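J.: Have a look at this one before I ask anything.
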Amino acid sequence: MTAPRAGARPLLNSTPARVWALTVLCAAAIAGLFASSHTALTQAREGLDVLGRDAGPRAMATTELYLDLADMDARMADVLLMGTDHDLGSGRADALERFEASRVRANGALLQAASLTEGDSVEERNVEAVLDGMGAYERLASRSLLLNDQTGAPPGRLDEDALEEYRRATQLMHTELLPKAFNLGLDSSAIVRQNHEEGQRAVVRGLLSVGAVGAAATAALVALQLYLRVRFRRRFNLFLLGATLGVAALTVGVVLTLQVSIGHQHDAKEQGLDAAMALARAGAIATDMQADQSRYLGDPELADSYQQVYLERAQQVLFRPAENLDQYYTAVDEVAAAYPDLPGAQDPDDDDPGTLGFLGERAQESLLPGQEDALAEVLRTYGRLHAQDRELRAAVQEGDLVAAIGTRMAVADSRDGAFPAYVAALDGLSDLHRGVFTEGIARGDRVLEPWRWGLPAFALVLLALVGFGVRSRLAEYR
Amino acid sequence: MRLTTGPAAAAALVLALTGCASALGDETSVLDLATITVGVKYDQPGTGLRGPDGELTGFDVDVAHDIAERLGYPPDRVELVGVTSAEREDLLISGEVDIVVATYSITQARKTQVTFAGPYYVAQQDLLVRAEETHIDDVRDLEGRRLCQGRGSNSARRITEGLGIEVEQTDAPSYGDCVDALRDGEVDAMSTDNLILAGFLARDPDASGW
């Protein structure tokens, strides 16, 4: 036997020493429960904070960068197509104003993206490349506009040099800026997902440790209770019983709170943020798509290409198998008519992959209250947009450029056009999801909030109960 | 041969991964493999080509190595496998390749089977014709002519169905076969991404410019 143990032994041999030791153990276990609960609750709070007030909103802003860039190119195409007739649709001044507004928003979104990608040199280079590219784009676009104005090009008949400059501008936009912006958006979603998953895992680990420490504290209290009962022949020490029940309640309470807050955070991300970002992409791609009408009309030489990319972008927004626009118009009408049922994918042997794309996938997800009506409105306005596209292309086939330009400018008319109507419907749906996002974060915060004061107060009460429980027993030995 | 204005449908070169939920834990993450198997095209000069020594070289191969290195795989732990357009999804789904780095249009139907990581090069669809060809300046001039595409590709359908242009379509097993058929006068044009066509054009000694 070694000296320290020989020294310790007489100390634990006496009853008060054992009571003291068990009491210290219980107090330590309660302190441990406090600490692990505090850590886990703080992690949950931070997770909500990052998603709700930091990475989440910034990812949303980065996602909207694509929209702003696409909108700039769309407005420029419209202005060029208008030529000398400044009163087509909602007019040239309106289009230029909106171009400028989108430019300012795109700059803001780039700043957001830059702050989100801090420390990631590849992403920073991407942001810089988009910033530089925006400068180059603006130079090309304004030169194109200047040339078109100088020659007094009539509606739909762009000046040749102006068209050449615009081609370079839109080429730059579509091969450099938009793909980079899209990838920045994907990246920021990935950052959010990573933060979210790591946060959730940390909270789950915290939850398990709270459960384990809670069980240990309960065991320590039960041991103390049993020791006092045997040693002092008392029936029950009510203080200690209270402390035991309190520890169990605290453990269960914290574990449940963490679980509920994880659930709220999960809903905020999946049904709120992710859905809202998917809809923002649906809006951005559609913006580029409807601008292909102007490009199609203004650049007859590349009209086939613009018609083709119109269909491709449309299929990203709402996918149904269709080889050409005529088939697609019919398919879109079918979706709008069938909703909330979705055509396709009923037969597993069928080649039909179903109704896909941003809107199709949204339609398959679980429904929020009011979502069905909002999505029906989105699909209805989307169908109307394509109905007008059909008119536009029919007019071109008949050689009626004036009518085709009239239709195009009516589609884009910011007062009552088919495209702004679609955007408004999409915003209505998006607002529902943004609401779920904000509400999910707020609910998560609300369940955590009482523990800010509740946890230390509860822990102090438990320590006090243990103290009262052993005080009268120890007093017998004074 | 020369390139002529084609339907400029954007087709992206992409990195595709099989969509697997790593959170489920029963799938090995692409980060934890002994060697990573990357599918690249092997019949496209400049992008992905198998040389006489069996070595694969080209832009896609370089991109594949760059990505693999960022994932933590030095070149000696990267296995390159030649894939054709027709077998890309199947090889990803069966797990024979871990990722595909190739010309690969991101379509909604494909997205239901594999996960695309976003484009790293945005190519456009184009046409390649013989240098002495004087009647094809535009995709519309293909009406009634013979068009070749790689099997499993969407290129011809974009012309026939998308634009309503009637052509005599040939599906060759590989792009190289299309080029041979074009050179031999068996077809009048071939269509795919401009980047691929530019690779063939650059290799061909008879190339007379764009």
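We label chains A, B, ... in the order they appear in the structure tokens, count residues from 1 in each chain, and number ligands from 1 in the order shown.
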Once you count only C-alpha atoms, which residues of chain A turn out to be within 9 Å of chain B? Could you give them as number ranges by chain?
T.: A: 174-176, 179-180, 182-183, 186, 302, 304-309, 311-312, 315-316, 319-325, 352-354, 356-357
J.: Excluding A:Thr407 and residues on its chain fewer than 5 positions from it, collect all residues at most 8 Å away from it, counting only C-alpha atoms, and give them as a list of chain:residue names.
T.: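 Using only C-alpha atoms, the neighbours found are A:Gln388, A:Glu391, A:Leu392.
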J.: Could you please take those selected residues and save N, CA and C atoms as a short mmCIF file (atom, residue, chain, number, x, y, z; two decimals), in the first residue's frame?
T.:
data_model
loop_
_atom_site.label_atom_id
_atom_site.label_comp_id
_atom_site.auth_asym_id
_atom_site.auth_seq_id
_atom_site.Cartn_x
_atom_site.Cartn_y
_atom_site.Cartn_z
N GLN A 388 -47.74 33.95 -74.89
CA GLN A 388 -47.35 35.16 -75.62
C GLN A 388 -46.11 34.91 -76.47
N GLU A 391 -47.29 33.57 -79.67
CA GLU A 391 -47.79 34.65 -80.54
C GLU A 391 -46.64 35.38 -81.21
N LEU A 392 -45.62 35.67 -80.39
CA LEU A 392 -44.46 36.42 -80.88
C LEU A 392 -43.80 35.69 -82.04
#
J.: Find the residue from A:Ala425, A:Leu240, A:Leu131, A:Leu375 that sits nearest to A:Ala219; use only C-alpha atoms when measuring.
T.: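 Checking each of A:Ala425, A:Leu240, A:Leu131, A:Leu375 against A:Ala219, counting only C-alpha atoms, the winner is A:Leu240.
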J.: Show which residues sit within 7 Å of B:Tyr42, as JSON, numbers by chain. Count only C-alpha atoms, and ignore same-chain residues fewer than 2 positions away.
T.: {"B": [40, 44, 48, 49, 50, 56, 82, 83]}
J.: Now that the selection is made, can you save its residues with C-alpha atoms as a PDB file, in the first residue's frame?
T.:
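That gives us part31.pdb:
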ATOM      1  CA  VAL B  40     -12.846  11.171 -69.330  1.00  0.00           C
ATOM      2  CA  GLN B  44     -11.448  13.952 -78.538  1.00  0.00           C
ATOM      3  CA  GLY B  48      -9.470  13.857 -73.911  1.00  0.00           C
ATOM      4  CA  LEU B  49      -7.522  11.571 -76.228  1.00  0.00           C
ATOM      5  CA  ARG B  50      -5.878   8.205 -75.835  1.00  0.00           C
ATOM      6  CA  LEU B  56      -4.895   9.829 -71.907  1.00  0.00           C
ATOM      7  CA  GLY B  82     -12.018   6.358 -71.086  1.00  0.00           C
ATOM      8  CA  VAL B  83     -15.795   6.777 -71.352  1.00  0.00           C
TER       9      VAL B  83
END
J.: Just list the residues in stretch 247-304 of chain A DSSP gives alpha helix (DSSP H) on the backbone, as a PDB file with C-alpha atoms, in the first residue's frame.
T.:
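So the final result, stored in out00.pdb, reads:
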ATOM      1  CA  VAL A 247     -31.596  16.976 -12.359  1.00  0.00           C
ATOM      2  CA  ALA A 248     -33.748  14.531 -14.312  1.00  0.00           C
ATOM      3  CA  ALA A 249     -36.123  17.338 -15.302  1.00  0.00           C
ATOM      4  CA  LEU A 250     -33.261  19.609 -16.321  1.00  0.00           C
ATOM      5  CA  THR A 251     -31.675  16.878 -18.433  1.00  0.00           C
ATOM      6  CA  VAL A 252     -34.913  15.967 -20.161  1.00  0.00           C
ATOM      7  CA  GLY A 253     -35.781  19.639 -20.592  1.00  0.00           C
ATOM      8  CA  VAL A 254     -32.464  20.546 -22.189  1.00  0.00           C
ATOM      9  CA  VAL A 255     -32.462  17.464 -24.445  1.00  0.00           C
ATOM     10  CA  LEU A 256     -36.008  18.182 -25.625  1.00  0.00           C
ATOM     11  CA  THR A 257     -35.215  21.853 -26.159  1.00  0.00           C
ATOM     12  CA  LEU A 258     -32.180  20.982 -28.256  1.00  0.00           C
ATOM     13  CA  GLN A 259     -34.193  18.537 -30.294  1.00  0.00           C
ATOM     14  CA  VAL A 260     -36.968  21.035 -30.931  1.00  0.00           C
ATOM     15  CA  SER A 261     -34.485  23.764 -31.862  1.00  0.00           C
ATOM     16  CA  ILE A 262     -32.701  21.425 -34.289  1.00  0.00           C
ATOM     17  CA  GLY A 263     -36.068  20.685 -35.871  1.00  0.00           C
ATOM     18  CA  HIS A 264     -36.884  24.372 -36.259  1.00  0.00           C
ATOM     19  CA  GLN A 265     -33.466  25.062 -37.747  1.00  0.00           C
ATOM     20  CA  HIS A 266     -33.884  22.156 -40.153  1.00  0.00           C
ATOM     21  CA  ASP A 267     -37.292  23.445 -41.300  1.00  0.00           C
ATOM     22  CA  ALA A 275     -36.774  26.556 -51.319  1.00  0.00           C
ATOM     23  CA  ALA A 276     -36.460  30.352 -51.516  1.00  0.00           C
ATOM     24  CA  MET A 277     -33.055  30.005 -53.181  1.00  0.00           C
ATOM     25  CA  ALA A 278     -34.413  27.494 -55.704  1.00  0.00           C
ATOM     26  CA  LEU A 279     -37.192  29.961 -56.520  1.00  0.00           C
ATOM     27  CA  ALA A 280     -34.679  32.800 -56.852  1.00  0.00           C
ATOM     28  CA  ARG A 281     -32.884  30.639 -59.428  1.00  0.00           C
ATOM     29  CA  ALA A 282     -36.191  29.950 -61.188  1.00  0.00           C
ATOM     30  CA  GLY A 283     -36.683  33.721 -61.401  1.00  0.00           C
ATOM     31  CA  ALA A 284     -33.151  34.365 -62.605  1.00  0.00           C
ATOM     32  CA  ILE A 285     -33.202  31.763 -65.370  1.00  0.00           C
ATOM     33  CA  ALA A 286     -36.628  32.960 -66.485  1.00  0.00           C
ATOM     34  CA  THR A 287     -35.326  36.526 -66.653  1.00  0.00           C
ATOM     35  CA  ASP A 288     -32.619  35.401 -69.024  1.00  0.00           C
ATOM     36  CA  MET A 289     -35.140  33.287 -70.945  1.00  0.00           C
ATOM     37  CA  GLN A 290     -37.613  36.086 -71.619  1.00  0.00           C
ATOM     38  CA  ALA A 291     -34.759  38.328 -72.729  1.00  0.00           C
ATOM     39  CA  ASP A 292     -33.975  35.722 -75.399  1.00  0.00           C
ATOM     40  CA  GLN A 293     -37.158  37.002 -77.079  1.00  0.00           C
ATOM     41  CA  SER A 294     -35.524  40.393 -77.571  1.00  0.00           C
ATOM     42  CA  ARG A 295     -32.275  38.836 -78.691  1.00  0.00           C
ATOM     43  CA  TYR A 296     -34.184  36.586 -81.088  1.00  0.00           C
ATOM     44  CA  LEU A 297     -35.915  39.575 -82.643  1.00  0.00           C
ATOM     45  CA  GLY A 298     -32.929  41.896 -82.666  1.00  0.00           C
ATOM     46  CA  ALA A 303     -32.315  33.834 -84.137  1.00  0.00           C
ATOM     47  CA  ASP A 304     -32.218  30.016 -84.302  1.00  0.00           C
TER      48      ASP A 304
END
J.: I'd like to know which of B:Glu89, B:Asp76, B:Glu69, B:Asp98 is closest to B:Ser29, using only C-alpha atoms.
T.: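 Smallest distance to B:Ser29 is found for B:Asp98.
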J.: Write out as a ChimeraX atom specification which residues come within 8 Å of A:Leu51 when counting only C-alpha atoms, dropping same-chain ones fewer than 3 positions away.
T.: /A:47-48,54-57,192,195-196,269
J.: Take the residues just selected and output them with C-alpha atoms as a short mmCIF file (atom, residue, chain, number, x, y, z; two decimals), in the first residue's frame.
T.:
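What ended up in selection20.cif:
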data_model
loop_
_atom_site.label_atom_id
_atom_site.label_comp_id
_atom_site.auth_asym_id
_atom_site.auth_seq_id
_atom_site.Cartn_x
_atom_site.Cartn_y
_atom_site.Cartn_z
CA GLY A 47 -26.18 27.61 -35.38
CA LEU A 48 -29.44 29.52 -35.61
CA ASP A 54 -25.21 35.52 -41.36
CA ALA A 55 -24.49 32.81 -43.94
CA GLY A 56 -28.15 32.26 -44.86
CA PRO A 57 -29.02 35.80 -45.92
CA VAL A 192 -24.53 27.19 -45.74
CA ASN A 195 -22.23 25.14 -41.61
CA HIS A 196 -25.70 23.81 -41.01
CA LYS A 269 -33.19 25.69 -43.95
#
J.: Would you list the contacts of A:Leu140 as a list of chain:residue names, taking every protein, DNA or RNA residue within 9 Å and counting only C-alpha atoms, but skipping same-chain residues closer than 6 positions in sequence?
T.: A:Glu165, A:Tyr166, A:Arg168, A:Ala169
J.: Produce a file of the selected residues containing C-alpha atoms, as an mmCIF file, in the first residue's frame.
T.:
data_model
loop_
_atom_site.group_PDB
_atom_site.id
_atom_site.type_symbol
_atom_site.label_atom_id
_atom_site.label_comp_id
_atom_site.auth_asym_id
_atom_site.auth_seq_id
_atom_site.Cartn_x
_atom_site.Cartn_y
_atom_site.Cartn_z
ATOM 1 C CA GLU A 165 -20.908 45.149 -79.851
ATOM 2 C CA TYR A 166 -24.015 43.778 -78.180
ATOM 3 C CA ARG A 168 -19.784 40.609 -77.622
ATOM 4 C CA ALA A 169 -21.461 41.965 -74.502
#
J.: One decimal, Å: what's the distance from atom CA of A:Phe458 over to atom CA of A:Arg205, could you say?
T.: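 These two atoms are separated by 22.3 Å.
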J.: Between atom CA of B:Thr84 and atom CA of B:Pro173, what distance in Å does the model show, to one decimal?
T.: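 So the two atoms, atom CA of B:Thr84 and atom CA of B:Pro173, lie 8.3 Å apart.
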J.: Excluding B:Arg151 and its own-chain neighbours fewer than 5 positions away, which residues fall within 7 Å of it when counting only C-alpha atoms? Please give them as a VMD selection string.
T.: chain B and resid 85 to 86 171 to 174
J.: Which neighbours of A:Gly135 fall inside 12 Å, counting only C-alpha atoms, when residues of the same chain fewer than 4 positions from it are skipped, and could you give them as JSON, numbers by chain?
T.: {"A": [69, 103, 106, 107, 128, 129, 130, 131, 139, 140, 141, 142, 169, 172, 173, 177]}
